[in-house]
Amino acid sequence: MCGIIGVIDRTMSRMDGSSIKEALSLMDERGSGEGAGYVAYGIYPDYADCYAIHVFFDNLLEPKTEVDCILQKWGRIVHQEEIPTYEQPGLKKEHIPWRYFFKPYTDLMVGTTNPDDDNVKHLVMTVNSTVEGALIFSSGINLGVFKASGWPEDVANFYRIEDYKGYIWLAHNRYPTNTSGWWGGAHPFNLLDWSVVHNGEITSYGTNRRYVESNGYDCTMSTDTEVVAYLFDLLGRRHGLPSETVVTALAPPFWDVIDEMPEKKEEFLRTLRLTYGPALMNGPFAIVVATKDGIVGFTDRIKLRPLVVGENGSRLYISSEEAAIRTMDPEVETIYMPRAGEPVIGRVTE
Amino acid sequence: MSLGSVPLKYKISIDRDQCMKCMRCVDNCSYGVYRIEDDKILIDSRKCTACHRCISMCPRDAINLQEKPVDYRSHPLWTAEAREDVINQARTGKIILAGMGNARDYPIIFDRLVLDACQVTNPSIDPLREPMELRTYIGKKPAKLEFTKNNGDVELKTKLAPNLKLDTPIMIGHMSYGAISLNAQLSLAKAVAKTGTFMGTGEGGMHESIYPYQNHTIVQIASGRFGVDINYLERGAAIEIKVGQGAKPGIGGHLPGEKVCSDVSCTRMIPLGSDAISPAPHHDIYSIEDLAQLVRSLKEATNWEKPVFVKIAAVHNVAAIAAGIARSDADAVVVDGFKGGTGAAPKVFRDNVGIPIEAAIAAVDEKLNEQGIRNKVSLIASGGIRNSADITKSIALGADAVYIGTASLIALGCRVCGNCYRGLCPWGIATQKQELVDRIDPEIGSENVANLINAWTLEISELMGAAGLNSIESLRGNRERLRGYMLDQGLLDVLKIESVGA
């Protein structure tokens with residue numbers, strides 16, 4: 001189960017959150033009221049050069065003091081505030097969502113090509129694994145995740161997401177089967193620029209988790225989707241693989257297909273598969289991942305979960321259901337279903 | 001004063017009404033249990049090893065074998081075995097030899113691990129209808145890929161080190177020509193060629209009849225350096241340095257002179273009839289640096305075209321040792337567990353030294369992963385692997401592939417009677433007596449071994465499919481798919497798995 005939907009406007013023209021709320025709510029059959037969430041890119045133009053760090057606090061005393069302390073050690077807090085929320089009858093407020101606009105001290109990370117990102121990644125891991133009562137669930141530049149335990153419309157109204165305008169939106173309606181429906185377990189999952197929504201269950205989780213952990217990530221959210229964000233960060237950002245190559249590493253062609261390829265391509269895919277075998281994902285999944293330059297959607301290698309793509313001019317939609325896309329954009333022109341493991345990519349054209 | 005003899009272990013009887021005196025039992029028993037006197041088959045049960053050759057060959061099912069009940073005063077500490085070992089050693093003053101694997105009643109960890117299966121929320125995969133990938137590459141993998149960019153085209157800069165391509169994660173471990181017969185080795189070689197996998201030559205060199213299968217063999221270098229020259233190195237698809245063996249960690253090997261027939265002497269490059277003694281240490285390896293040098297020398301000698309494995313016995317600090325080996329340029333670490341088989345070992349070693357493979361492989365995998373070098377080497381588990389479930393569990397605990405030994409011999413007829421060191425194996429396996437060796441037809445033998453590998457491969461596919469996995473990469477180190485049943489917390493922590501119900 002679980003319903004996912006993502007949209008990108010390739011010209012970076014910004015959309016408010018009202019239509020994606022409608023689309024996600026249409027897929028309530030796919031959820032259980034235990035988790036929903038949204039992420040939008042380009043929503044903080046006033047702080048466009050800061051990392052927007054969203055935190056769930058259990059209270060604003062000890063955990064917040066600790067987080068403030070860690071942030072101030074690693075950089076400068078440009079601005080901070082409670083994320084505005086609006087009480088909903090169907091949603092119990094369990095945490096206090098807070099946001100920091102943060103600039104890391106570049107010189108604190110050495111021996112890396114992107115010290116700012118590594119700095120922020122490090123502090124996300126540190127806070128999430130050491131500070132009780134605080135969870136950083138969003139840490140990218142000029143983007144924000146908004147999620148909670150509840151139905152899509154309640155979560156949207158709780159954060160009033162129509163007040164935000166972004167050029168990429170992802171949304172998720174959760175039907176938890178493995179772990180309890182808690183706020184941290186709701187999607188999207190995010191690290192730096194990477195945000196992930198996922199319908200499915202990753203049976204290779206044990207292998208994937210162990211792989212990302214050996215590369216310095218701590219899995220703290222007790223949900224398989226968390227590793228997808230880390231795999232993208234590791235392969236996409238730190239190893240510098242293009243998005244489509246990351247997808248190929250995570251859902252590679254079968255050996256029989258690789259064997260038949262022209263020599264150069266065969267060598268490329270064999271090398272990729274041998275190198276990133278522990279990153280290969282198994283089990284039923286349909287995933288949409290966003291980064292600031294675009295979105296990519298893909299399914300597992302035998303397509304055990306649905307994924308539909310729609311296009312209309314500069315907009316590309318990827319969702320579990322065609323009806324959700326049509327709700328969001330009744331004028332949508334092209335609708336198709338990608339093949340198993342085949343990445344669907346929407347990039348900003350700027 | 002004479003200590004007398006210890007009681008016989010097995011009692012053989014013949015159903016005289018059924019017996020047609022065809023004499024097959026007489027012909028087949030190489031231990032001399034049966035003889036003919038006055039047209040009557042007489043039995044000397046004392047000589048029986050329970051190898052079952054006579055029973056298997058009797059056309060009338062007339063032979064009955066029973067383990068003889070203990071006729072000592074029962075005692076929980078002074079078991080019959082303890083007493084008999086004392087009696088035998090008091091008489092001889094010698095080390096007690098034993099064949100095959102550990103014969104003590106230690107709990108088997110494999111049997112306390114249970115695998116997972118999908119229900120409802122994720123679908124299991126049907127291997128009959130969906131692709132199931134067990135292909136495994138053994139060798140070094142890069143930690144990350146490097147690219148070069150030419151006008152937007154991305155080109156691969158990383159070149160892979162040589163890897164062995166296995167169609168199934170099951171290989172046959174090292175059993176030397178000398179320890180086993182040529183027909184036994186030939187059966188194994190043909191079987192691995194048929195099933196797309198590899199076998200080890202052991203430290204006995206490579207006999208020329210194995211040459212046609214050399215692309216499926218891993219040549220071994222042990223401390224005795226028997227049979228090693230540049231041709232031998234170049235013939236192997238990979239090279240393995242044997243530091244230790246699970247059945248006898250910390251000691252060398254000994255092939256008695258009686259087994260060194262002319263063919264064995266040629267293949268091993270030692271004089272006819274001489275004892276072949278491998279020293280306990282390699283006399284050019286006294287540190288990890290020395291090992292690294294040997295690894296690199298072997299690579300240099302073979303033009304950096306062959307993966308080099310290092311085999312160690314599972315011992316208490318196996319994880320740290322394996323991490324050292326991983327940094328030595330070796331392509332694979334073979335960890336051989338506490339229950340590994342052997343042609344001959346001092347019984348006290350076989351039954352008391354080392355640790356079980358389940359714990360060893362988990363600890364090694366965890367340590368390499370912690371240090372971020374797990375991808376740098378492949379990990380091969382061996383020692384007491386009895387079935388496809390053991391293999392699947394080994395991989396979930398972190399192995400890339402396994403070596404099987406005893407199981408492949410059982411597929412050739414072995415009944416695990418444990419008398420390999422006597423050179424009289426009635427099944428033609430652990431012997432060099434031509435009339436016994438001839439009992440194995442390598443064609444038929446290879447069919448049986450290949451059948452076993454194929455059957456286990458099918459079962460692994462089914463187990464993976466049930467767990468919702470269609471590629472072996474996703475099983476490797478996937479502790480989520482395992483749970484411990486009735487294991488203590490300490491062991492669960494070492495294995496890095498949760499308890500059933502968790």
# chains A, B, ... in the order shown; residues from 1 in each chain; ligands from 1
$ residues_around --residues "Asp300 (chain A)" --least-positions-apart "5" --cutoff "7 Å" --atoms "only C-alpha atoms" --output "list of chain:residue names"
A:Ala251, A:Asn282, A:Gly283, A:Pro284, A:Phe285, A:Ala286, A:Ala340, A:Gly341
$ write_last_selection --atoms "N, CA, C and O atoms" --output "PDB file, in the first residue's frame"
ATOM      1  N   ALA A 251      18.646  -0.560  -8.757  1.00  0.00           N
ATOM      2  CA  ALA A 251      17.747  -1.525  -9.414  1.00  0.00           C
ATOM      3  C   ALA A 251      18.369  -1.923 -10.751  1.00  0.00           C
ATOM      4  O   ALA A 251      17.871  -1.575 -11.804  1.00  0.00           O
ATOM      5  N   ASN A 282      16.091  -4.750  -3.032  1.00  0.00           N
ATOM      6  CA  ASN A 282      15.191  -5.824  -3.384  1.00  0.00           C
ATOM      7  C   ASN A 282      13.859  -5.613  -2.690  1.00  0.00           C
ATOM      8  O   ASN A 282      13.746  -4.812  -1.780  1.00  0.00           O
ATOM      9  N   GLY A 283      12.881  -6.378  -3.149  1.00  0.00           N
ATOM     10  CA  GLY A 283      11.559  -6.270  -2.542  1.00  0.00           C
ATOM     11  C   GLY A 283      10.679  -5.393  -3.397  1.00  0.00           C
ATOM     12  O   GLY A 283      11.114  -4.816  -4.388  1.00  0.00           O
ATOM     13  N   PRO A 284       9.406  -5.296  -3.020  1.00  0.00           N
ATOM     14  CA  PRO A 284       8.479  -4.498  -3.815  1.00  0.00           C
ATOM     15  C   PRO A 284       8.644  -3.023  -3.489  1.00  0.00           C
ATOM     16  O   PRO A 284       8.545  -2.634  -2.329  1.00  0.00           O
ATOM     17  N   PHE A 285       8.960  -2.221  -4.486  1.00  0.00           N
ATOM     18  CA  PHE A 285       9.001  -0.785  -4.190  1.00  0.00           C
ATOM     19  C   PHE A 285       8.714   0.080  -5.402  1.00  0.00           C
ATOM     20  O   PHE A 285       8.972  -0.303  -6.538  1.00  0.00           O
ATOM     21  N   ALA A 286       8.129   1.217  -5.138  1.00  0.00           N
ATOM     22  CA  ALA A 286       8.038   2.307  -6.104  1.00  0.00           C
ATOM     23  C   ALA A 286       8.506   3.530  -5.330  1.00  0.00           C
ATOM     24  O   ALA A 286       8.048   3.767  -4.211  1.00  0.00           O
ATOM     25  N   ALA A 340       9.884  -1.953 -15.378  1.00  0.00           N
ATOM     26  CA  ALA A 340      10.519  -2.265 -14.091  1.00  0.00           C
ATOM     27  C   ALA A 340      11.950  -1.748 -14.066  1.00  0.00           C
ATOM     28  O   ALA A 340      12.711  -1.969 -15.007  1.00  0.00           O
ATOM     29  N   GLY A 341      12.300  -1.058 -13.010  1.00  0.00           N
ATOM     30  CA  GLY A 341      13.675  -0.610 -12.818  1.00  0.00           C
ATOM     31  C   GLY A 341      14.104   0.563 -13.688  1.00  0.00           C
ATOM     32  O   GLY A 341      15.196   1.085 -13.533  1.00  0.00           O
TER      33      GLY A 341
END
$ closest_atom_pairs --of "chain B" --to "chain A" --cutoff "7 Å" --atoms "only C-alpha atoms" --output "tab-separated table"
residue	atom	partner	partner_atom	distance
B:Thr121	CA	A:Thr177	CA	6.9
B:Asn122	CA	A:Pro284	CA	6.3
B:Lys141	CA	A:Thr275	CA	5.5
B:Pro142	CA	A:Thr275	CA	5.7
B:Ala143	CA	A:Thr275	CA	6.6
B:Lys144	CA	A:His239	CA	6.4
B:Leu156	CA	A:Phe268	CA	6.6
B:Leu160	CA	A:Thr271	CA	6.6
B:Asn369	CA	A:Ser214	CA	5.4
B:Glu370	CA	A:Ser214	CA	5.3
B:Gln371	CA	A:Ser214	CA	7.0
B:Gly372	CA	A:Ser214	CA	5.2
B:Gly468	CA	A:Gly283	CA	5.5
B:Leu469	CA	A:Asn282	CA	5.7
B:Asn470	CA	A:Asn282	CA	6.9
B:Glu473	CA	A:Gly277	CA	5.4
B:Ser474	CA	A:Ser204	CA	4.9
B:Leu475	CA	A:Ser204	CA	6.8
B:Arg476	CA	A:Thr207	CA	6.4
B:Gly477	CA	A:Thr207	CA	5.5
B:Asn478	CA	A:Gly206	CA	4.3
B:Arg479	CA	A:Gly206	CA	5.6
B:Glu480	CA	A:Gly206	CA	4.9
$ write_last_selection --atoms "C-alpha atoms" --output "compact mmCIF listing (two decimals), in the first residue's frame"
# COMPACT_ATOMS: atom_id res chain seq x y z
CA THR B 121 2.76 -6.95 2.79
CA ASN B 122 5.54 -7.96 0.48
CA LYS B 141 35.63 -4.76 -5.55
CA PRO B 142 36.34 -1.05 -5.57
CA ALA B 143 34.88 1.09 -2.79
CA LYS B 144 33.55 3.54 -5.33
CA LEU B 156 34.25 4.48 -16.63
CA LEU B 160 37.93 -4.18 -11.92
CA ASN B 369 32.08 -3.56 7.54
CA GLU B 370 32.84 -1.37 10.55
CA GLN B 371 36.20 -0.56 9.07
CA GLY B 372 34.63 0.22 5.70
CA GLY B 468 11.40 -11.62 -1.33
CA LEU B 469 14.93 -11.47 -2.69
CA ASN B 470 15.86 -12.06 -6.31
CA GLU B 473 23.70 -9.42 -3.28
CA SER B 474 20.63 -8.64 -1.22
CA LEU B 475 21.02 -11.73 0.92
CA ARG B 476 24.65 -11.09 1.75
CA GLY B 477 24.99 -9.79 5.29
CA ASN B 478 21.21 -9.31 5.48
CA ARG B 479 20.83 -10.07 9.19
CA GLU B 480 17.25 -8.79 9.06
$ residues_around --residues "Ser124 (chain B)" --least-positions-apart "3" --cutoff "9 Å" --atoms "only C-alpha atoms" --output "list in words"
Gly283 of chain A; Ala117, Cys118, Gln119, Val120, Met464, Gly465, Ala466, Ala467, Gly468 and Leu469 of chain B
$ select_by_dssp --residues "region 260-334 of chain A" --states "strand (DSSP E)" --output "PDB file with N, CA and C atoms, in the first residue's frame"
ATOM      1  N   PHE A 285       8.960  -2.221  -4.486  1.00  0.00           N
ATOM      2  CA  PHE A 285       9.001  -0.785  -4.190  1.00  0.00           C
ATOM      3  C   PHE A 285       8.714   0.080  -5.402  1.00  0.00           C
ATOM      4  N   ALA A 286       8.129   1.217  -5.138  1.00  0.00           N
ATOM      5  CA  ALA A 286       8.038   2.307  -6.104  1.00  0.00           C
ATOM      6  C   ALA A 286       8.506   3.530  -5.330  1.00  0.00           C
ATOM      7  N   ILE A 287       9.453   4.243  -5.915  1.00  0.00           N
ATOM      8  CA  ILE A 287      10.122   5.308  -5.174  1.00  0.00           C
ATOM      9  C   ILE A 287      10.204   6.551  -6.036  1.00  0.00           C
ATOM     10  N   VAL A 288       9.985   7.690  -5.417  1.00  0.00           N
ATOM     11  CA  VAL A 288      10.316   8.942  -6.099  1.00  0.00           C
ATOM     12  C   VAL A 288      11.303   9.688  -5.210  1.00  0.00           C
ATOM     13  N   VAL A 289      12.392  10.099  -5.829  1.00  0.00           N
ATOM     14  CA  VAL A 289      13.427  10.832  -5.113  1.00  0.00           C
ATOM     15  C   VAL A 289      13.561  12.205  -5.741  1.00  0.00           C
ATOM     16  N   ALA A 290      13.662  13.203  -4.901  1.00  0.00           N
ATOM     17  CA  ALA A 290      13.865  14.559  -5.421  1.00  0.00           C
ATOM     18  C   ALA A 290      15.202  15.086  -4.952  1.00  0.00           C
ATOM     19  N   THR A 291      15.790  15.931  -5.793  1.00  0.00           N
ATOM     20  CA  THR A 291      16.931  16.728  -5.370  1.00  0.00           C
ATOM     21  C   THR A 291      16.688  18.102  -5.978  1.00  0.00           C
ATOM     22  N   GLY A 294      16.015  18.086  -9.792  1.00  0.00           N
ATOM     23  CA  GLY A 294      15.025  17.272 -10.473  1.00  0.00           C
ATOM     24  C   GLY A 294      14.469  16.155  -9.621  1.00  0.00           C
ATOM     25  N   ILE A 295      13.627  15.328 -10.279  1.00  0.00           N
ATOM     26  CA  ILE A 295      13.086  14.173  -9.575  1.00  0.00           C
ATOM     27  C   ILE A 295      13.348  12.919 -10.408  1.00  0.00           C
ATOM     28  N   VAL A 296      13.410  11.791  -9.712  1.00  0.00           N
ATOM     29  CA  VAL A 296      13.521  10.518 -10.417  1.00  0.00           C
ATOM     30  C   VAL A 296      12.607   9.502  -9.740  1.00  0.00           C
ATOM     31  N   GLY A 297      11.859   8.793 -10.579  1.00  0.00           N
ATOM     32  CA  GLY A 297      10.965   7.757 -10.056  1.00  0.00           C
ATOM     33  C   GLY A 297      11.391   6.421 -10.635  1.00  0.00           C
ATOM     34  N   PHE A 298      11.288   5.362  -9.856  1.00  0.00           N
ATOM     35  CA  PHE A 298      11.620   4.034 -10.371  1.00  0.00           C
ATOM     36  C   PHE A 298      10.987   2.972  -9.481  1.00  0.00           C
ATOM     37  N   THR A 299      10.877   1.778 -10.052  1.00  0.00           N
ATOM     38  CA  THR A 299      10.313   0.671  -9.280  1.00  0.00           C
ATOM     39  C   THR A 299      11.373  -0.419  -9.143  1.00  0.00           C
ATOM     40  N   VAL A 308       2.973   5.413 -12.123  1.00  0.00           N
ATOM     41  CA  VAL A 308       2.407   6.017 -13.336  1.00  0.00           C
ATOM     42  C   VAL A 308       3.064   7.378 -13.534  1.00  0.00           C
ATOM     43  N   VAL A 309       3.288   7.708 -14.814  1.00  0.00           N
ATOM     44  CA  VAL A 309       3.919   8.989 -15.125  1.00  0.00           C
ATOM     45  C   VAL A 309       2.964   9.816 -15.986  1.00  0.00           C
ATOM     46  N   GLY A 310       2.878  11.083 -15.696  1.00  0.00           N
ATOM     47  CA  GLY A 310       2.066  11.986 -16.514  1.00  0.00           C
ATOM     48  C   GLY A 310       2.884  13.203 -16.892  1.00  0.00           C
ATOM     49  N   GLU A 311       2.605  13.746 -18.102  1.00  0.00           N
ATOM     50  CA  GLU A 311       3.321  14.956 -18.505  1.00  0.00           C
ATOM     51  C   GLU A 311       2.355  15.975 -19.050  1.00  0.00           C
ATOM     52  N   ASN A 312       2.621  17.226 -18.728  1.00  0.00           N
ATOM     53  CA  ASN A 312       1.840  18.314 -19.290  1.00  0.00           C
ATOM     54  C   ASN A 312       2.755  19.528 -19.386  1.00  0.00           C
ATOM     55  N   ARG A 315       5.518  20.336 -16.849  1.00  0.00           N
ATOM     56  CA  ARG A 315       5.301  19.581 -15.608  1.00  0.00           C
ATOM     57  C   ARG A 315       5.369  18.077 -15.835  1.00  0.00           C
ATOM     58  N   LEU A 316       6.045  17.419 -14.914  1.00  0.00           N
ATOM     59  CA  LEU A 316       6.119  15.956 -14.945  1.00  0.00           C
ATOM     60  C   LEU A 316       5.589  15.442 -13.615  1.00  0.00           C
ATOM     61  N   TYR A 317       4.665  14.485 -13.700  1.00  0.00           N
ATOM     62  CA  TYR A 317       4.065  13.910 -12.495  1.00  0.00           C
ATOM     63  C   TYR A 317       4.441  12.437 -12.401  1.00  0.00           C
ATOM     64  N   ILE A 318       4.705  11.971 -11.201  1.00  0.00           N
ATOM     65  CA  ILE A 318       4.943  10.535 -10.988  1.00  0.00           C
ATOM     66  C   ILE A 318       4.115  10.122  -9.771  1.00  0.00           C
ATOM     67  N   SER A 319       3.330   9.064  -9.913  1.00  0.00           N
ATOM     68  CA  SER A 319       2.429   8.717  -8.805  1.00  0.00           C
ATOM     69  C   SER A 319       2.092   7.230  -8.794  1.00  0.00           C
ATOM     70  N   THR A 334       0.109  13.373 -21.471  1.00  0.00           N
ATOM     71  CA  THR A 334       0.633  12.026 -21.686  1.00  0.00           C
ATOM     72  C   THR A 334       0.585  11.254 -20.379  1.00  0.00           C
TER      73      THR A 334
END
$ select_by_dssp --residues "region 267-364 of chain B" --states "helix (DSSP H, G or I)" --output "PyMOL selection string"
chain B and resi 267-268+288-301+318-326+347-352+357-364
$ closest_residue --among "B:Tyr137, B:Tyr213, B:Phe349, B:Tyr31" --to "Asp331 (chain B)" --atoms "only C-alpha atoms"
B:Tyr137
$ residues_around --residues "Trp169 (chain A)" --least-positions-apart "6" --cutoff "12 Å" --atoms "only C-alpha atoms" --output "NGL selection string"
:A and (4-10 or 12-21 or 23-24 or 37-43 or 143-146 or 161-162 or 188 or 195-197 or 288-292 or 294-295 or 315-319 or 328)
$ residues_around --residues "Lys68 (chain B)" --least-positions-apart "2" --cutoff "7 Å" --atoms "only C-alpha atoms" --output "PDB file with all heavy atoms, in the first residue's frame"
ATOM      1  N   LYS B   9      33.023 -51.398  18.713  1.00  0.00           N
ATOM      2  CA  LYS B   9      32.081 -50.265  18.611  1.00  0.00           C
ATOM      3  C   LYS B   9      30.794 -50.660  17.885  1.00  0.00           C
ATOM      4  O   LYS B   9      29.734 -50.138  18.147  1.00  0.00           O
ATOM      5  CB  LYS B   9      32.734 -49.131  17.832  1.00  0.00           C
ATOM      6  CG  LYS B   9      33.771 -48.371  18.623  1.00  0.00           C
ATOM      7  CD  LYS B   9      33.978 -46.991  18.017  1.00  0.00           C
ATOM      8  CE  LYS B   9      34.641 -46.043  18.991  1.00  0.00           C
ATOM      9  NZ  LYS B   9      35.754 -46.616  19.740  1.00  0.00           N
ATOM     10  N   TYR B  10      30.944 -51.549  16.906  1.00  0.00           N
ATOM     11  CA  TYR B  10      29.793 -51.892  16.087  1.00  0.00           C
ATOM     12  C   TYR B  10      29.637 -53.405  16.068  1.00  0.00           C
ATOM     13  O   TYR B  10      30.617 -54.131  16.163  1.00  0.00           O
ATOM     14  CB  TYR B  10      29.969 -51.382  14.654  1.00  0.00           C
ATOM     15  CG  TYR B  10      30.393 -49.945  14.595  1.00  0.00           C
ATOM     16  CD1 TYR B  10      31.725 -49.601  14.346  1.00  0.00           C
ATOM     17  CD2 TYR B  10      29.480 -48.931  14.833  1.00  0.00           C
ATOM     18  CE1 TYR B  10      32.121 -48.291  14.321  1.00  0.00           C
ATOM     19  CE2 TYR B  10      29.873 -47.600  14.823  1.00  0.00           C
ATOM     20  CZ  TYR B  10      31.201 -47.286  14.562  1.00  0.00           C
ATOM     21  OH  TYR B  10      31.586 -45.986  14.550  1.00  0.00           O
ATOM     22  N   LYS B  11      28.439 -53.844  15.944  1.00  0.00           N
ATOM     23  CA  LYS B  11      28.179 -55.283  15.876  1.00  0.00           C
ATOM     24  C   LYS B  11      27.505 -55.559  14.534  1.00  0.00           C
ATOM     25  O   LYS B  11      26.454 -55.003  14.223  1.00  0.00           O
ATOM     26  CB  LYS B  11      27.256 -55.665  17.039  1.00  0.00           C
ATOM     27  CG  LYS B  11      26.861 -57.115  17.069  1.00  0.00           C
ATOM     28  CD  LYS B  11      27.998 -57.992  17.555  1.00  0.00           C
ATOM     29  CE  LYS B  11      27.587 -59.471  17.515  1.00  0.00           C
ATOM     30  NZ  LYS B  11      28.742 -60.372  17.453  1.00  0.00           N
ATOM     31  N   GLN B  66      24.815 -52.633  14.065  1.00  0.00           N
ATOM     32  CA  GLN B  66      24.302 -51.890  15.208  1.00  0.00           C
ATOM     33  C   GLN B  66      25.444 -51.270  15.969  1.00  0.00           C
ATOM     34  O   GLN B  66      26.507 -51.897  16.102  1.00  0.00           O
ATOM     35  CB  GLN B  66      23.559 -52.832  16.145  1.00  0.00           C
ATOM     36  CG  GLN B  66      22.143 -53.096  15.679  1.00  0.00           C
ATOM     37  CD  GLN B  66      21.440 -54.023  16.638  1.00  0.00           C
ATOM     38  OE1 GLN B  66      21.976 -55.057  17.007  1.00  0.00           O
ATOM     39  NE2 GLN B  66      20.240 -53.635  17.031  1.00  0.00           N
ATOM     40  N   VAL B  70      26.985 -49.199  25.190  1.00  0.00           N
ATOM     41  CA  VAL B  70      28.106 -49.058  26.112  1.00  0.00           C
ATOM     42  C   VAL B  70      27.994 -50.118  27.201  1.00  0.00           C
ATOM     43  O   VAL B  70      26.945 -50.317  27.779  1.00  0.00           O
ATOM     44  CB  VAL B  70      28.063 -47.659  26.759  1.00  0.00           C
ATOM     45  CG1 VAL B  70      29.168 -47.512  27.797  1.00  0.00           C
ATOM     46  CG2 VAL B  70      28.192 -46.605  25.694  1.00  0.00           C
TER      47      VAL B  70
END
$ atom_distance --atom1 "CA of Gly178 (chain B)" --atom2 "CA of Gln89 (chain B)"
27.4 Å
